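Peer 1: First the structure, which I've put down as structure tokens, then a few questions once you've had a look.
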Amino acid sequence: MSPLKGQKLTVSVHASAGDAGAAAAEHVAGLVRPNPTAVLGLATGSSPLPLYQALQQADLNLAAVTAFALDEYVGLPAGHAQSYASVIRSQVVEPLGLTPARVHVPDGNRAEVNAVGEAYEAQILAAGGIDLQILGIGSNGHIGFNEPRSPFSSRTRVVALADRTRQDNARFFESPEAVPTHAVTQGLATIFQARHLLLIAHGPGKAQAIKRALTGPVTEDVPASILQLHPSVTVYLSKAAAALL
């Protein structure tokens with residue numbers, strides 16, 4: 001591991017995605033062991049998978065943890081295998097022993113979907129806020145589904161997905177046309193309110209986004225660049241993802 005300490009964030013570079021995931025899992029465990037009722041923010045996609053897989057090997061009781069997903073697609077049928085409610089259940093809740101009733105995902109099928117954001121913000125507030133938000137990063141620099149030019153002041157809301165995001169996510173669906181066009185996502189201001197942010201990324205396809213997010217200008221054109229302003233950020237990268245730093 002090679003830690004690089006900046007003024008407001010720490011970057012740890014690891015030989016592989018698995019090594020980065022193991023280090024990130026120790027970080028999560030270090031929060032939960034002394035605080036078993038911690039509030040976690042959960043990301044989906046390929047980036048956090050090594051973290052969740054490593055947590056399965058940890059001697060950790062997560063039953064009292066409360067968790068909030070970053071986002072959910074709009075309009076997928078209930079129980080759809082690629083809905084984030086299903087993904088979190090299969091990749092996180094069941095293998096890690098979280099209590100299903102304590103795990104919250106935005107409702108992308110609610111009739112008044114535009115009201116989902118306000119209700120979700122209220123749930124997070126009622127839980128006392130998020131202690132540790134896990135993040136991946138999109139190849140266009142998005143976090144959650146906050147696409148480029150999302151306002152830094154944004155809260156949980158319905159968003160249109162960028163073409164590049166839909167192309168990147170098409171591998172999870174039967175065809176590119178099957179990828180939803182909209183999602184509910186925590187806003188950048190919502191994410192920023194978490195007490196600590198943990199970003200994990202691996203693979204050469206994320207290297208440019210990581211460079212722009214961590215070393216470029218802080219701009220809404222690169223939503224993840226807001227991490228540079230947060231007082232407590234830890235980034236776990238494989239060597240491939242860190243290649244341009």
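Just so we're on the same page: first chain in the structure tokens is A, next is B, and so on; residues restart at 1 for each chain, and ligands are numbered from 1 in the order they show up.
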What are the closest atom pairs, with distances in Å to one decimal, for each residue of segment 208-244 of chain A lying within 8 Å of segment 135-144 of chain A, using only C-alpha atoms, rows by chain and rising residue number, as a tab-separated table?
Peer 2:
```
residue	atom	partner	partner_atom	distance
A:Gln208	CA	A:Ser139	CA	7.5
A:Ala209	CA	A:Gly141	CA	5.1
A:Ile210	CA	A:Gly141	CA	7.5
A:Arg212	CA	A:Gly141	CA	7.6
A:Ala213	CA	A:Gly141	CA	6.7
A:Val222	CA	A:Gly141	CA	5.1
A:Pro223	CA	A:His142	CA	5.3
A:Ala224	CA	A:Gly141	CA	5.6
A:Ser225	CA	A:Gly141	CA	7.9
```
Peer 1: Residues as selected, C-alpha atoms, written as a CSV table (one decimal), in the first residue's frame, can you do that?
Peer 2:
```
chain,number,residue,atom,x,y,z
A,208,GLN,CA,-8.9,9.4,-16.2
A,209,ALA,CA,-12.0,10.1,-14.0
A,210,ILE,CA,-9.9,9.6,-10.9
A,212,ARG,CA,-9.9,14.7,-13.0
A,213,ALA,CA,-11.7,14.2,-9.7
A,222,VAL,CA,-16.7,16.6,-12.9
A,223,PRO,CA,-19.1,15.9,-10.0
A,224,ALA,CA,-16.7,13.8,-8.1
A,225,SER,CA,-14.3,16.7,-7.8
```
Peer 1: Do a neighbour search on Ala17 of chain A at 7 Å with only C-alpha atoms, toss out local chain neighbours closer than 3 positions, and write the hits as a VMD selection string.
Peer 2: chain A and resid 20 to 21 50 202 238
Peer 1: Hey, can you spit out that residue selection with C-alpha atoms as a PDB file, in the first residue's frame?
Peer 2:
```pdb
ATOM      1  CA  ALA A  20      -7.969  -2.247  -2.542  1.00  0.00           C
ATOM      2  CA  GLY A  21     -11.240  -3.876  -1.522  1.00  0.00           C
ATOM      3  CA  PRO A  50     -14.280  -6.118  -3.872  1.00  0.00           C
ATOM      4  CA  HIS A 202     -10.223  -0.139  -9.987  1.00  0.00           C
ATOM      5  CA  SER A 238      -5.889  -0.298  -7.747  1.00  0.00           C
TER       6      SER A 238
END
```
Peer 1: As a list in words, please: the residues near segment 156-164 of chain A (cut-off 9 Å, only C-alpha atoms, same-chain neighbours under 5 positions excluded).
Peer 2: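 My reading of the contact set: Asp71, Val74, Gly108, Val113, Asn114, Ala115, Val116, Gly117, Glu118, Tyr120, Glu121, Ser139, Asn140, Phe145, Asn146, Glu147, Pro148, Asn169, Pro180, Thr181, His182, Ala183, Val184, Thr185, Gln186, Gly187, Leu188, Ala189 and Thr190 of chain A.
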Peer 1: Report the distance between atom CA of Gly203 of chain A and atom CA of Phe152 of chain A in Å, rounded to one decimal place.
Peer 2: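 Value for the atom CA of Gly203 of chain A-atom CA of Phe152 of chain A distance: 26.8 Å.
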Peer 1: Counting only C-alpha atoms, which residue out of A:Gly30, A:Gly128, A:Ala63, A:Asp107 sits closest to Val93 of chain A?
Peer 2: A:Ala63
Peer 1: Considering only helix (DSSP H, G or I) as DSSP defines it on the backbone, what residues of segment 64-147 of chain A qualify? List them as an NGL selection string.
Peer 2: :A and (84-96 or 100-102 or 113-126)
Peer 1: Under the rule that only C-alpha atoms are counted, which of A:Gly18, A:Leu76, A:Arg155, A:Lys206 is the nearest residue to Asp168 of chain A?
Peer 2: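 The closest residue to Asp168 of chain A is A:Lys206.
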Peer 1: If you count only C-alpha atoms, which residues fall within 8 Å of Tyr84 of chain A, apart from same-chain ones fewer than 4 positions away, as an MDAnalysis selection string?
Peer 2: chainID A and resid 44 71:73 88 105
Peer 1: Would you please extract all strand (DSSP E) residues from segment 12-233 of chain A, as assigned by DSSP on the backbone, and give them as a PyMOL selection string?
Peer 2: chain A and resi 12-14+39-42+66-69+71-73+103-104+132-135+157-160+182-185+196-201+233
Peer 1: Within 8 Å of Ser232 of chain A, counting only C-alpha atoms, which residues qualify if same-chain residues fewer than 2 places away don't, as a list in words?
Peer 2: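 Counting only the stated atoms, we get Lys8, Leu9, Arg195, His196, Leu197, His230 and Thr234 of chain A.
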Peer 1: Please save N, CA and C atoms of the selected residues as a short mmCIF file (atom, residue, chain, number, x, y, z; two decimals), in the first residue's frame.
Peer 2:
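Listing of again22.cif after writing:
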```cif
data_model
loop_
_atom_site.label_atom_id
_atom_site.label_comp_id
_atom_site.auth_asym_id
_atom_site.auth_seq_id
_atom_site.Cartn_x
_atom_site.Cartn_y
_atom_site.Cartn_z
N LYS A 8 -6.76 17.35 2.42
CA LYS A 8 -8.07 16.96 2.91
C LYS A 8 -8.45 15.52 2.58
N LEU A 9 -7.60 14.78 1.89
CA LEU A 9 -7.96 13.41 1.56
C LEU A 9 -6.72 12.54 1.56
N ARG A 195 -20.47 12.17 7.10
CA ARG A 195 -19.33 12.57 7.93
C ARG A 195 -18.00 12.10 7.37
N HIS A 196 -18.02 11.00 6.65
CA HIS A 196 -16.80 10.54 5.98
C HIS A 196 -17.18 9.93 4.64
N LEU A 197 -16.34 10.15 3.64
CA LEU A 197 -16.55 9.59 2.31
C LEU A 197 -15.44 8.60 1.99
N HIS A 230 -14.33 18.18 0.72
CA HIS A 230 -14.85 17.51 1.92
C HIS A 230 -13.73 17.35 2.94
N THR A 234 -11.36 9.24 2.09
CA THR A 234 -10.34 8.23 1.85
C THR A 234 -10.64 7.55 0.53
#
```
Peer 1: Please compute the atom CA of Ala64 of chain A-atom CA of Thr99 of chain A distance, one decimal, in Å.
Peer 2: 7.0 Å
Peer 1: Rank nothing, just name the residue among A:Leu125, A:Val179, A:Leu244, A:Leu132 nearest to Ser83 of chain A, using only C-alpha atoms.
Peer 2: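 The closest residue to Ser83 of chain A is A:Val179.
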Peer 1: Smallest atom-to-atom distance to Arg89 of chain A: which of A:Leu60, A:Ala201, A:Leu42, A:Leu245, using only C-alpha atoms?
Peer 2: A:Leu42
Peer 1: Determine, counting only C-alpha atoms, which protein, DNA and RNA residues have an atom within 12 Å of an atom of Ala58 of chain A; residues of the same chain fewer than 2 positions away are not included. Present the result as number ranges by chain.
Peer 2: A: 22-30, 32-33, 51-56, 60-62, 95-97
